[in-house]
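Structure file query26.pdb with PDB, C-alpha atoms:
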ATOM      1  CA  MET A1236       0.000   0.000   0.000
ATOM      2  CA  MET A1237       1.413   3.394  -0.984
ATOM      3  CA  ASP A1238       0.940   6.857   0.445
ATOM      4  CA  GLU A1239      -1.124   9.347  -1.501
ATOM      5  CA  PRO A1240       1.165  12.180  -2.578
ATOM      6  CA  THR A1241       0.519  15.289  -0.491
ATOM      7  CA  PRO A1242       2.005  18.781  -0.517
ATOM      8  CA  ALA A1243       4.969  19.176   1.779
ATOM      9  CA  GLY A1244       3.116  21.751   3.902
ATOM     10  CA  SER A1245       0.296  19.402   4.862
ATOM     11  CA  ALA A1246       2.830  16.651   5.560
ATOM     12  CA  GLY A1247       4.407  18.973   8.065
ATOM     13  CA  ARG A1248       1.184  19.878   9.809
ATOM     14  CA  SER A1249       0.225  16.205  10.235
ATOM     15  CA  GLY A1250       3.137  15.799  12.626
ATOM     16  CA  ARG A1251       2.096  18.473  15.093
ATOM     17  CA  PHE A1252      -0.082  18.112  18.151
ATOM     18  CA  GLN A1253      -3.631  18.980  17.161
ATOM     19  CA  GLY A1254      -4.578  20.764  20.367
ATOM     20  CA  PRO A1255      -4.748  20.613  24.156
ATOM     21  CA  TRP A1256      -7.384  17.838  24.037
ATOM     22  CA  GLU A1257      -4.739  15.494  22.702
ATOM     23  CA  LEU A1258      -2.405  16.049  25.683
ATOM     24  CA  GLY A1259      -5.001  17.220  28.228
ATOM     25  CA  PRO A1260      -6.212  13.866  29.634
ATOM     26  CA  ALA A1261      -2.645  12.544  29.925
ATOM     27  CA  LEU A1262      -1.401  15.718  31.650
ATOM     28  CA  ALA A1263      -4.382  15.717  34.062
ATOM     29  CA  LEU A1264      -3.672  12.087  34.983
ATOM     30  CA  VAL A1265       0.059  12.795  35.390
ATOM     31  CA  ALA A1266      -0.747  15.759  37.691
ATOM     32  CA  ALA A1267      -3.082  13.530  39.740
ATOM     33  CA  CYS A1268      -0.425  10.779  39.893
ATOM     34  CA  LEU A1269       2.259  13.213  41.080
ATOM     35  CA  TYR A1270      -0.036  14.730  43.720
ATOM     36  CA  LEU A1271      -1.057  11.308  45.079
ATOM     37  CA  ALA A1272       2.442   9.783  44.932
ATOM     38  CA  LEU A1273       4.376  12.784  46.293
ATOM     39  CA  VAL A1274       1.898  14.383  48.714
ATOM     40  CA  TRP A1275      -1.201  12.342  49.540
ATOM     41  CA  VAL A1276      -0.121   8.727  50.051
ATOM     42  CA  PRO A1277       1.636   7.929  53.356
ATOM     43  CA  ASN A1278       5.163   6.468  53.412
ATOM     44  CA  GLU A1279       5.508   2.704  53.646
ATOM     45  CA  ARG A1280       6.326   1.799  57.280
ATOM     46  CA  THR A1281       9.803   0.252  56.872
ATOM     47  CA  MET A1282      11.138   1.848  53.672
ATOM     48  CA  GLY A1283      10.042   5.418  54.313
ATOM     49  CA  VAL A1284      10.047   8.026  51.536
ATOM     50  CA  VAL A1285      11.947   5.809  49.097
ATOM     51  CA  SER A1286       8.843   3.579  48.831
ATOM     52  CA  ARG A1287       7.266   6.328  46.695
ATOM     53  CA  ILE A1288       9.529   5.296  43.785
ATOM     54  CA  PHE A1289       7.293   2.197  43.556
ATOM     55  CA  TYR A1290       4.464   4.156  41.843
ATOM     56  CA  VAL A1291       6.463   5.353  38.815
ATOM     57  CA  HIS A1292       8.537   2.138  38.690
ATOM     58  CA  VAL A1293       5.534  -0.221  38.469
ATOM     59  CA  ALA A1294       3.517   2.125  36.214
ATOM     60  CA  SER A1295       6.473   2.312  33.772
ATOM     61  CA  ALA A1296       6.783  -1.486  33.783
ATOM     62  CA  TRP A1297       3.084  -2.018  33.018
ATOM     63  CA  SER A1298       3.191   0.567  30.211
ATOM     64  CA  ALA A1299       6.215  -1.212  28.721
ATOM     65  CA  PHE A1300       4.344  -4.549  28.834
ATOM     66  CA  VAL A1301       1.371  -2.983  27.035
ATOM     67  CA  ALA A1302       3.700  -1.395  24.461
ATOM     68  CA  PHE A1303       5.390  -4.719  23.689
ATOM     69  CA  ALA A1304       2.000  -6.485  23.503
ATOM     70  CA  VAL A1305       0.913  -3.893  20.906
ATOM     71  CA  THR A1306       4.155  -4.550  18.975
ATOM     72  CA  ALA A1307       3.485  -8.308  18.971
ATOM     73  CA  VAL A1308      -0.180  -7.968  17.941
ATOM     74  CA  ALA A1309       0.539  -5.352  15.253
ATOM     75  CA  GLY A1310       3.375  -7.545  13.924
ATOM     76  CA  ALA A1311       1.064 -10.560  13.740
ATOM     77  CA  VAL A1312      -1.570  -8.520  11.894
ATOM     78  CA  TYR A1313       1.142  -7.257   9.521
ATOM     79  CA  LEU A1314       2.132 -10.854   8.708
ATOM     80  CA  ALA A1315      -1.523 -11.662   7.947
ATOM     81  CA  ARG A1316      -2.397  -8.511   5.946
ATOM     82  CA  ARG A1317       0.948  -7.151   4.681
ATOM     83  CA  ASP A1318      -0.250  -3.589   5.286
ATOM     84  CA  TRP A1319       2.724  -1.271   6.075
ATOM     85  CA  ARG A1320       0.719   0.724   8.621
ATOM     86  CA  TRP A1321       0.664  -2.237  11.045
ATOM     87  CA  ASP A1322       4.456  -2.411  10.803
ATOM     88  CA  LEU A1323       4.659   1.320  11.538
ATOM     89  CA  TRP A1324       2.400   0.923  14.590
ATOM     90  CA  ALA A1325       4.470  -2.034  15.838
ATOM     91  CA  ALA A1326       7.757  -0.142  15.475
ATOM     92  CA  ALA A1327       6.422   2.995  17.198
ATOM     93  CA  SER A1328       5.139   0.913  20.113
ATOM     94  CA  ALA A1329       8.469  -0.921  20.527
ATOM     95  CA  GLU A1330      10.297   2.416  20.630
ATOM     96  CA  VAL A1331       8.034   3.789  23.389
ATOM     97  CA  GLY A1332       8.275   0.439  25.204
ATOM     98  CA  VAL A1333      12.074   0.714  25.280
ATOM     99  CA  VAL A1334      11.773   4.200  26.827
ATOM    100  CA  PHE A1335       9.490   2.874  29.592
ATOM    101  CA  THR A1336      11.719  -0.179  30.187
ATOM    102  CA  THR A1337      14.680   2.201  30.519
ATOM    103  CA  ALA A1338      12.667   4.103  33.158
ATOM    104  CA  VAL A1339      12.126   0.789  35.001
ATOM    105  CA  LEU A1340      15.843  -0.027  34.862
ATOM    106  CA  VAL A1341      16.783   3.445  36.145
ATOM    107  CA  THR A1342      14.237   3.701  38.964
ATOM    108  CA  GLY A1343      14.796   0.085  40.136
ATOM    109  CA  PRO A1344      18.441   0.559  41.221
ATOM    110  CA  LEU A1345      17.571   3.959  42.764
ATOM    111  CA  TRP A1346      15.092   2.088  44.979
ATOM    112  CA  ALA A1347      17.384  -0.931  45.532
ATOM    113  CA  ARG A1348      20.422   1.033  46.761
ATOM    114  CA  PRO A1349      18.861   2.326  50.020
ATOM    115  CA  VAL A1350      16.648  -0.767  50.552
ATOM    116  CA  TRP A1351      18.909  -3.712  49.513
ATOM    117  CA  ASN A1352      22.206  -1.828  49.936
ATOM    118  CA  VAL A1353      23.215  -2.683  46.348
ATOM    119  CA  TRP A1354      22.470  -0.957  43.034
ATOM    120  CA  TRP A1355      22.016  -4.219  41.164
ATOM    121  CA  THR A1356      21.801  -7.943  41.822
ATOM    122  CA  TRP A1357      21.266 -10.793  39.360
ATOM    123  CA  ASP A1358      17.815 -11.529  40.741
ATOM    124  CA  PRO A1359      15.436 -13.275  38.258
ATOM    125  CA  ARG A1360      13.094 -10.246  37.998
ATOM    126  CA  LEU A1361      15.966  -7.832  37.375
ATOM    127  CA  THR A1362      17.756 -10.147  34.964
ATOM    128  CA  THR A1363      14.674 -10.943  32.861
ATOM    129  CA  THR A1364      13.840  -7.210  32.704
ATOM    130  CA  LEU A1365      17.354  -6.411  31.489
ATOM    131  CA  VAL A1366      16.991  -9.193  28.882
ATOM    132  CA  LEU A1367      13.670  -7.618  27.825
ATOM    133  CA  TRP A1368      15.383  -4.246  27.325
ATOM    134  CA  PHE A1369      18.147  -5.834  25.219
ATOM    135  CA  LEU A1370      15.583  -7.799  23.166
ATOM    136  CA  TYR A1371      13.723  -4.634  22.147
ATOM    137  CA  VAL A1372      16.877  -2.576  21.594
ATOM    138  CA  GLY A1373      17.767  -5.480  19.279
ATOM    139  CA  TYR A1374      14.364  -5.111  17.598
ATOM    140  CA  LEU A1375      15.090  -1.429  16.891
ATOM    141  CA  ALA A1376      18.622  -2.254  15.700
ATOM    142  CA  LEU A1377      17.227  -4.909  13.348
ATOM    143  CA  ARG A1378      14.900  -2.331  11.807
ATOM    144  CA  GLN A1379      17.854  -0.025  11.167
ATOM    145  CA  ALA A1380      19.920  -2.813   9.628
ATOM    146  CA  VAL A1381      17.494  -4.052   6.936
ATOM    147  CA  GLU A1382      17.081  -1.753   3.929
ATOM    148  CA  ASP A1383      14.198  -3.394   2.051
ATOM    149  CA  GLU A1384      10.872  -2.269   3.559
ATOM    150  CA  ASP A1385       8.917  -5.529   3.116
ATOM    151  CA  ARG A1386      11.757  -7.703   4.365
ATOM    152  CA  ARG A1387      12.341  -5.410   7.344
ATOM    153  CA  ALA A1388       8.656  -5.489   8.286
ATOM    154  CA  ARG A1389       8.470  -9.297   7.954
ATOM    155  CA  LEU A1390      11.609  -9.919  10.030
ATOM    156  CA  ALA A1391      10.607  -7.357  12.667
ATOM    157  CA  ALA A1392       7.117  -8.873  12.976
ATOM    158  CA  VAL A1393       8.521 -12.363  13.628
ATOM    159  CA  TYR A1394      11.194 -10.974  15.992
ATOM    160  CA  GLY A1395       8.546  -8.931  17.865
ATOM    161  CA  LEU A1396       6.418 -12.037  18.394
ATOM    162  CA  VAL A1397       9.377 -14.070  19.713
ATOM    163  CA  ALA A1398      10.677 -11.214  21.922
ATOM    164  CA  PHE A1399       7.251 -10.837  23.517
ATOM    165  CA  LEU A1400       7.677 -14.307  25.086
ATOM    166  CA  ASP A1401       9.941 -12.625  27.667
ATOM    167  CA  VAL A1402       7.099 -10.400  28.967
ATOM    168  CA  PRO A1403       5.186 -13.213  30.790
ATOM    169  CA  VAL A1404       8.553 -14.535  32.003
ATOM    170  CA  VAL A1405       9.347 -11.129  33.559
ATOM    171  CA  TYR A1406       5.884 -10.985  35.136
ATOM    172  CA  GLN A1407       6.017 -14.536  36.522
ATOM    173  CA  SER A1408       9.697 -14.463  37.524
ATOM    174  CA  THR A1409       8.898 -13.599  41.169
ATOM    175  CA  ARG A1410       6.570 -16.645  41.340
ATOM    176  CA  TRP A1411       8.649 -19.156  39.382
ATOM    177  CA  TRP A1412      12.042 -18.555  41.015
ATOM    178  CA  ARG A1413      13.457 -17.600  44.412
ATOM    179  CA  THR A1414      13.734 -13.841  44.395
ATOM    180  CA  ILE A1415      14.244 -10.900  46.689
ATOM    181  CA  HIS A1416      12.179  -8.588  44.480
ATOM    182  CA  PRO A1417       8.967  -7.538  46.280
ATOM    183  CA  GLN A1418       5.740  -9.099  45.053
ATOM    184  CA  VAL A1419       3.052  -6.641  46.050
ATOM    185  CA  LEU A1420       0.125  -7.726  43.885
ATOM    186  CA  GLY A1421      -1.464 -11.060  43.036
ATOM    187  CA  PRO A1422      -1.700 -14.349  44.933
ATOM    188  CA  GLY A1423       0.973 -14.898  47.587
ATOM    189  CA  SER A1424       1.792 -11.189  47.833
ATOM    190  CA  GLY A1425       1.975  -9.137  50.988
ATOM    191  CA  GLY A1426      -0.774  -6.828  49.749
ATOM    192  CA  VAL A1427      -0.907  -3.032  49.831
ATOM    193  CA  ALA A1428      -2.939  -0.452  51.745
ATOM    194  CA  PRO A1429      -6.004   0.955  49.882
ATOM    195  CA  GLU A1430      -4.337   4.404  49.600
ATOM    196  CA  MET A1431      -1.285   2.850  47.955
ATOM    197  CA  LEU A1432      -3.466   0.802  45.612
ATOM    198  CA  LEU A1433      -5.420   3.914  44.538
ATOM    199  CA  THR A1434      -2.180   5.847  43.926
ATOM    200  CA  LEU A1435      -0.766   2.960  41.911
ATOM    201  CA  ALA A1436      -3.975   2.735  39.828
ATOM    202  CA  VAL A1437      -3.928   6.482  39.030
ATOM    203  CA  CYS A1438      -0.206   6.396  38.162
ATOM    204  CA  ALA A1439      -0.733   3.331  35.955
ATOM    205  CA  ALA A1440      -3.557   5.174  34.123
ATOM    206  CA  ALA A1441      -1.313   8.263  33.770
ATOM    207  CA  PHE A1442       1.577   6.278  32.307
ATOM    208  CA  LEU A1443      -0.746   4.390  29.933
ATOM    209  CA  ALA A1444      -2.125   7.763  28.765
ATOM    210  CA  LEU A1445       1.473   8.982  28.290
ATOM    211  CA  TYR A1446       2.182   5.804  26.316
ATOM    212  CA  ALA A1447      -0.786   6.578  24.035
ATOM    213  CA  VAL A1448       0.403  10.171  23.438
ATOM    214  CA  LEU A1449       4.012   9.127  22.766
ATOM    215  CA  TRP A1450       2.907   6.252  20.521
ATOM    216  CA  ARG A1451       0.780   8.603  18.394
ATOM    217  CA  LEU A1452       3.681  11.035  18.064
ATOM    218  CA  ALA A1453       6.104   8.219  17.175
ATOM    219  CA  VAL A1454       3.633   6.939  14.533
ATOM    220  CA  ARG A1455       3.466  10.414  12.950
ATOM    221  CA  VAL A1456       7.233  10.714  12.919
ATOM    222  CA  GLY A1457       7.573   7.231  11.392
ATOM    223  CA  ALA A1458       4.978   7.982   8.698
ATOM    224  CA  LEU A1459       6.661  11.272   7.764
ATOM    225  CA  GLU A1460      10.117   9.649   7.660
ATOM    226  CA  ARG A1461       8.684   6.977   5.338
ATOM    227  CA  ARG A1462       7.211   9.681   3.099
ATOM    228  CA  ALA A1463      10.570  11.471   3.056
ATOM    229  CA  ARG A1464      12.325   8.238   2.002
ATOM    230  CA  GLN A1465       9.769   7.693  -0.772
ATOM    231  CA  ALA A1466      10.125  11.284  -1.986
ATOM    232  CA  GLN A1467      13.908  10.862  -2.152
ATOM    233  CA  GLU A1468      13.529   7.620  -4.120
ATOM    234  CA  GLU A1469      11.099   9.403  -6.465
ATOM    235  CA  LEU A1470      13.664  12.153  -7.040
ATOM    236  CA  VAL A1471      16.438   9.666  -7.786
ATOM    237  CA  ALA A1472      14.242   7.617 -10.169
TER     238      ALA A1472
ATOM    239  CA  MET B1103      15.393  11.278  50.153
ATOM    240  CA  GLY B1104      18.063  11.803  47.473
ATOM    241  CA  TYR B1105      17.308   8.472  45.753
ATOM    242  CA  PHE B1106      13.591   9.220  45.693
ATOM    243  CA  VAL B1107      14.109  12.675  44.146
ATOM    244  CA  ALA B1108      16.649  11.277  41.650
ATOM    245  CA  ALA B1109      14.180   8.566  40.534
ATOM    246  CA  TYR B1110      11.376  11.063  39.845
ATOM    247  CA  ILE B1111      13.708  13.479  38.045
ATOM    248  CA  ALA B1112      15.214  10.648  35.970
ATOM    249  CA  VAL B1113      11.800   9.440  34.721
ATOM    250  CA  TRP B1114      10.711  12.905  33.572
ATOM    251  CA  VAL B1115      14.090  13.759  32.043
ATOM    252  CA  LEU B1116      13.940  10.484  30.097
ATOM    253  CA  LEU B1117      10.407  11.130  28.813
ATOM    254  CA  PHE B1118      11.167  14.753  27.848
ATOM    255  CA  ALA B1119      14.390  13.673  26.114
ATOM    256  CA  TYR B1120      12.409  11.156  24.040
ATOM    257  CA  VAL B1121       9.806  13.793  23.079
ATOM    258  CA  ALA B1122      12.639  16.175  22.104
ATOM    259  CA  LEU B1123      14.208  13.429  19.979
ATOM    260  CA  LEU B1124      10.879  12.744  18.231
ATOM    261  CA  HIS B1125      10.441  16.454  17.482
ATOM    262  CA  ARG B1126      13.952  16.624  16.024
ATOM    263  CA  ARG B1127      13.262  13.616  13.791
ATOM    264  CA  LEU B1128       9.931  15.162  12.782
ATOM    265  CA  ALA B1129      11.545  18.481  11.833
ATOM    266  CA  ARG B1130      14.263  16.692   9.835
ATOM    267  CA  ALA B1131      11.714  14.588   7.913
ATOM    268  CA  GLU B1132       9.574  17.695   7.242
ATOM    269  CA  ARG B1133      12.591  19.582   5.861
ATOM    270  CA  LEU B1134      13.501  16.618   3.647
ATOM    271  CA  VAL B1135       9.975  16.244   2.233
ATOM    272  CA  GLN B1136       9.819  19.993   1.562
ATOM    273  CA  ARG B1137      13.228  20.076  -0.130
ATOM    274  CA  VAL B1138      12.418  17.102  -2.351
ATOM    275  CA  SER B1139       8.993  18.462  -3.353
ATOM    276  CA  GLN B1140      10.591  21.826  -4.272
ATOM    277  CA  ARG B1141      13.195  20.066  -6.404
ATOM    278  CA  LEU B1142      10.486  17.968  -8.077
ATOM    279  CA  GLN B1143       8.548  21.163  -8.898
ATOM    280  CA  ARG B1144      11.680  22.756 -10.421
ATOM    281  CA  GLN B1145      12.266  19.770 -12.745
ATOM    282  CA  PRO B1146      11.341  20.554 -16.396
ATOM    283  CA  PRO B1147       8.076  19.034 -17.670
ATOM    284  CA  PRO B1148       8.382  15.951 -19.938
ATOM    285  CA  PRO B1149       8.771  16.679 -23.664
ATOM    286  CA  ALA B1150       5.523  16.936 -25.682
ATOM    287  CA  GLY B1151       4.375  13.613 -27.057
ATOM    288  CA  SER B1152       6.158  11.557 -24.432
ATOM    289  CA  ASP B1153       4.329   9.051 -22.252
ATOM    290  CA  PRO B1154       3.261  10.900 -19.054
ATOM    291  CA  GLY B1155       2.918   7.617 -17.196
ATOM    292  CA  ALA B1156       6.585   6.893 -17.730
ATOM    293  CA  TYR B1157       7.645  10.201 -16.116
TER     294      TYR B1157
END
In C-alpha cells, what does this structure look like?
Amino acid sequence: MMDEPTPAGSAGRSGRFQGPWELGPALALVAACLYLALVWVPNERTMGVVSRIFYVHVASAWSAFVAFAVTAVAGAVYLARRDWRWDLWAAASAEVGVVFTTAVLVTGPLWARPVWNVWWTWDPRLTTTLVLWFLYVGYLALRQAVEDEDRRARLAAVYGLVAFLDVPVVYQSTRWWRTIHPQVLGPGSGGVAPEMLLTLAVCAAAFLALYAVLWRLAVRVGALERRARQAQEELVA
Amino acid sequence: MGYFVAAYIAVWVLLFAYVALLHRRLARAERLVQRVSQRLQRQPPPPAGSDPGAY
C-alpha cells in the first residue's frame, strides 16, 4: 500500500499536536499521579520516603508490557495482511516500550540502593527485565539494519512475536524462582494499603495515557520519515 | 530522600528527552519532504508527445 502524494506543507502539519485535548487527559492524569504519589499517600512503614519510587517504577513497567503487547499484535496482523501501517504501529510501540523499560531499569536501582544496599543484583526479575530491554533494543537495531521495507517489516514482525515471550517470564519471575524482588500484587503477595493501591492505579492510568500520546507522536514521525524516504527515491528515479 | 528525588527526576528527564528526539526527527523529515517536493517542482516538464505515465 502506498501513500497518496501530499504537498509538503500538509505533511508537516500532520506531525504536530492537534490541540490541548490530545495532551489534556494525559497531563491531568500525570498531575493527579504526582499529587497522590508525592503528597497524599503515606510512606511505607519500613522503607520510608523511598517507597514512593514504587508508583512510577511499576507504572512504567506495566506501560512497557502494554507497548510490547501492541508490537506483537501489530506484527502478527502485519504478517496476515501485509499492510505497512501495522508495521509502523508495531515499530512505534516498541520504541516507546524501550523508553518505559529504561525508566524501570533506572528507577529500580535507585530504589534498591537504600533498601537492599546494592544498586544491582542478578535476581530473576531484574535479569529478565534487562533481557527484555536488550531484546527490544535489538528489535530497533534490526529495523535499522534491513534496507528493504517488506523484508524489514516481515523480520521485525517475527522478531517482535518471539521477543514478547519474555514479557510473561518477567511478570512470573517472582513466582517461578526464588527472588528478593517484592511481590506486592497477586496471589501470595503481601498486599498493599487501599491508599497505595489507589495511587498505583492512578499512576498506571497516567503512564498508559502517556504511552498513548508518545505512541501517536512516534507513529506520525515514522509515517513522515517513510514519506521522506519515498520522496527521495522518487527524485532519484 | 536523594534516591527518591533522583528517581522522579530521571523518569521525567527520560520522557522529555524522548519527546525532544521525536520532534527533532519530525523536523528533519519535514525539511527533507519539503526540499524534495521543491526540487520535483523545479524539474522541467516531460517533452511533448512523451508518455506521461513513464515520467
Could you please tell me, as a ChimeraX atom specification, which residues of chain B have an atom within 9 Å of chain A when using all atoms listed in the file? /B:1103-1110,1112-1113,1116-1117,1120-1121,1124-1125,1127-1142
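Here CA of Trp1297 in chain A stands at a distance of 9.3 Å from CA of Thr1336 in chain A.
The gap separating CA of Val1115 in chain B from CA of Pro1403 in chain A is 28.4 Å, in Å to one decimal.
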Given the file shown, enumerate the residues that the PyMOL selection byres ((chain A and resi 1366) around 12) captures and present them as a PDB file with C-alpha atoms, in the frame of the given file.
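Once everything was written out, this is out_38.pdb:
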ATOM      1  CA  VAL A1333      12.074   0.714  25.280  1.00  0.00           C
ATOM      2  CA  THR A1336      11.719  -0.179  30.187  1.00  0.00           C
ATOM      3  CA  THR A1337      14.680   2.201  30.519  1.00  0.00           C
ATOM      4  CA  LEU A1340      15.843  -0.027  34.862  1.00  0.00           C
ATOM      5  CA  TRP A1357      21.266 -10.793  39.360  1.00  0.00           C
ATOM      6  CA  PRO A1359      15.436 -13.275  38.258  1.00  0.00           C
ATOM      7  CA  ARG A1360      13.094 -10.246  37.998  1.00  0.00           C
ATOM      8  CA  LEU A1361      15.966  -7.832  37.375  1.00  0.00           C
ATOM      9  CA  THR A1362      17.756 -10.147  34.964  1.00  0.00           C
ATOM     10  CA  THR A1363      14.674 -10.943  32.861  1.00  0.00           C
ATOM     11  CA  THR A1364      13.840  -7.210  32.704  1.00  0.00           C
ATOM     12  CA  LEU A1365      17.354  -6.411  31.489  1.00  0.00           C
ATOM     13  CA  LEU A1367      13.670  -7.618  27.825  1.00  0.00           C
ATOM     14  CA  TRP A1368      15.383  -4.246  27.325  1.00  0.00           C
ATOM     15  CA  PHE A1369      18.147  -5.834  25.219  1.00  0.00           C
ATOM     16  CA  LEU A1370      15.583  -7.799  23.166  1.00  0.00           C
ATOM     17  CA  TYR A1371      13.723  -4.634  22.147  1.00  0.00           C
ATOM     18  CA  VAL A1372      16.877  -2.576  21.594  1.00  0.00           C
ATOM     19  CA  GLY A1373      17.767  -5.480  19.279  1.00  0.00           C
ATOM     20  CA  ALA A1398      10.677 -11.214  21.922  1.00  0.00           C
ATOM     21  CA  PHE A1399       7.251 -10.837  23.517  1.00  0.00           C
ATOM     22  CA  LEU A1400       7.677 -14.307  25.086  1.00  0.00           C
ATOM     23  CA  ASP A1401       9.941 -12.625  27.667  1.00  0.00           C
ATOM     24  CA  VAL A1402       7.099 -10.400  28.967  1.00  0.00           C
ATOM     25  CA  VAL A1404       8.553 -14.535  32.003  1.00  0.00           C
ATOM     26  CA  VAL A1405       9.347 -11.129  33.559  1.00  0.00           C
TER      27      VAL A1405
END
Could you give me, as a PyMOL selection string, the residues within 8 Å of Thr1306 in chain A, counting all atoms listed in the file and dropping anything in the same chain fewer than 3 positions from it? chain A and resi 1302-1303+1309-1310+1324-1326+1328-1329+1392+1395-1396
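Atom to atom, CA of Val1350 in chain A and CA of Pro1277 in chain A stand 17.6 Å apart.
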Taking 6 positions as the minimum chain separation for residues in the same chain, which residues sit within 12 Å of Ala1428 in chain A when counting only C-alpha atoms? Answer as a PyMOL selection string. chain A and resi 1276-1280+1419-1420+1434-1435
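Protein and nucleic acid residues near (-2.5, 13.4, 30.5) are A:Pro1255, A:Trp1256, A:Glu1257, A:Leu1258, A:Gly1259, A:Pro1260, A:Ala1261, A:Leu1262, A:Ala1263, A:Leu1264, A:Val1265, A:Ala1266, A:Ala1267, A:Cys1268, A:Leu1269, A:Val1437, A:Cys1438, A:Ala1439, A:Ala1440, A:Ala1441, A:Phe1442, A:Leu1443, A:Ala1444, A:Leu1445, A:Tyr1446, A:Ala1447, A:Val1448, A:Leu1449, the criterion being any atom at most 12 Å away using all atoms listed in the file.
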Because some atoms of range 1341-1361 of chain A are absent here, can you restore N, CA and C atoms and send them as a PDB file, in the frame of the given file?
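Written file, selection11.pdb:
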ATOM      1  N   VAL A1341      16.139   2.323  35.438  1.00  0.00           N
ATOM      2  CA  VAL A1341      16.783   3.445  36.145  1.00  0.00           C
ATOM      3  C   VAL A1341      16.196   3.586  37.558  1.00  0.00           C
ATOM      4  N   THR A1342      14.867   3.501  37.651  1.00  0.00           N
ATOM      5  CA  THR A1342      14.237   3.701  38.964  1.00  0.00           C
ATOM      6  C   THR A1342      14.456   2.496  39.889  1.00  0.00           C
ATOM      7  N   GLY A1343      14.581   1.298  39.326  1.00  0.00           N
ATOM      8  CA  GLY A1343      14.796   0.085  40.136  1.00  0.00           C
ATOM      9  C   GLY A1343      16.059   0.190  41.004  1.00  0.00           C
ATOM     10  N   PRO A1344      17.226   0.423  40.406  1.00  0.00           N
ATOM     11  CA  PRO A1344      18.441   0.559  41.221  1.00  0.00           C
ATOM     12  C   PRO A1344      18.384   1.728  42.213  1.00  0.00           C
ATOM     13  N   LEU A1345      17.678   2.822  41.834  1.00  0.00           N
ATOM     14  CA  LEU A1345      17.571   3.959  42.764  1.00  0.00           C
ATOM     15  C   LEU A1345      16.722   3.594  43.990  1.00  0.00           C
ATOM     16  N   TRP A1346      15.853   2.608  43.833  1.00  0.00           N
ATOM     17  CA  TRP A1346      15.092   2.088  44.979  1.00  0.00           C
ATOM     18  C   TRP A1346      15.938   1.032  45.717  1.00  0.00           C
ATOM     19  N   ALA A1347      16.652   0.200  44.944  1.00  0.00           N
ATOM     20  CA  ALA A1347      17.384  -0.931  45.532  1.00  0.00           C
ATOM     21  C   ALA A1347      18.549  -0.474  46.415  1.00  0.00           C
ATOM     22  N   ARG A1348      19.220   0.600  46.024  1.00  0.00           N
ATOM     23  CA  ARG A1348      20.422   1.033  46.761  1.00  0.00           C
ATOM     24  C   ARG A1348      20.123   1.297  48.246  1.00  0.00           C
ATOM     25  N   PRO A1349      19.125   2.114  48.583  1.00  0.00           N
ATOM     26  CA  PRO A1349      18.861   2.326  50.020  1.00  0.00           C
ATOM     27  C   PRO A1349      18.154   1.138  50.699  1.00  0.00           C
ATOM     28  N   VAL A1350      17.440   0.308  49.926  1.00  0.00           N
ATOM     29  CA  VAL A1350      16.648  -0.767  50.552  1.00  0.00           C
ATOM     30  C   VAL A1350      17.457  -2.071  50.635  1.00  0.00           C
ATOM     31  N   TRP A1351      18.134  -2.457  49.554  1.00  0.00           N
ATOM     32  CA  TRP A1351      18.909  -3.712  49.513  1.00  0.00           C
ATOM     33  C   TRP A1351      20.406  -3.467  49.789  1.00  0.00           C
ATOM     34  N   ASN A1352      20.798  -2.214  49.766  1.00  0.00           N
ATOM     35  CA  ASN A1352      22.206  -1.828  49.936  1.00  0.00           C
ATOM     36  C   ASN A1352      23.079  -2.168  48.728  1.00  0.00           C
ATOM     37  N   VAL A1353      22.464  -2.480  47.608  1.00  0.00           N
ATOM     38  CA  VAL A1353      23.215  -2.683  46.348  1.00  0.00           C
ATOM     39  C   VAL A1353      22.423  -2.002  45.225  1.00  0.00           C
ATOM     40  N   TRP A1354      23.150  -1.562  44.192  1.00  0.00           N
ATOM     41  CA  TRP A1354      22.470  -0.957  43.034  1.00  0.00           C
ATOM     42  C   TRP A1354      21.801  -2.034  42.202  1.00  0.00           C
ATOM     43  N   TRP A1355      22.480  -3.182  42.095  1.00  0.00           N
ATOM     44  CA  TRP A1355      22.016  -4.219  41.164  1.00  0.00           C
ATOM     45  C   TRP A1355      22.364  -5.587  41.720  1.00  0.00           C
ATOM     46  N   THR A1356      21.502  -6.553  41.494  1.00  0.00           N
ATOM     47  CA  THR A1356      21.801  -7.943  41.822  1.00  0.00           C
ATOM     48  C   THR A1356      21.177  -8.809  40.724  1.00  0.00           C
ATOM     49  N   TRP A1357      21.777  -9.979  40.476  1.00  0.00           N
ATOM     50  CA  TRP A1357      21.266 -10.793  39.360  1.00  0.00           C
ATOM     51  C   TRP A1357      20.064 -11.627  39.802  1.00  0.00           C
ATOM     52  N   ASP A1358      19.089 -10.942  40.340  1.00  0.00           N
ATOM     53  CA  ASP A1358      17.815 -11.529  40.741  1.00  0.00           C
ATOM     54  C   ASP A1358      17.010 -11.856  39.468  1.00  0.00           C
ATOM     55  N   PRO A1359      16.172 -12.926  39.480  1.00  0.00           N
ATOM     56  CA  PRO A1359      15.436 -13.275  38.258  1.00  0.00           C
ATOM     57  C   PRO A1359      14.608 -12.125  37.673  1.00  0.00           C
ATOM     58  N   ARG A1360      13.931 -11.331  38.520  1.00  0.00           N
ATOM     59  CA  ARG A1360      13.094 -10.246  37.998  1.00  0.00           C
ATOM     60  C   ARG A1360      13.967  -9.190  37.314  1.00  0.00           C
ATOM     61  N   LEU A1361      15.076  -8.854  37.934  1.00  0.00           N
ATOM     62  CA  LEU A1361      15.966  -7.832  37.375  1.00  0.00           C
ATOM     63  C   LEU A1361      16.620  -8.339  36.084  1.00  0.00           C
TER      64      LEU A1361
END
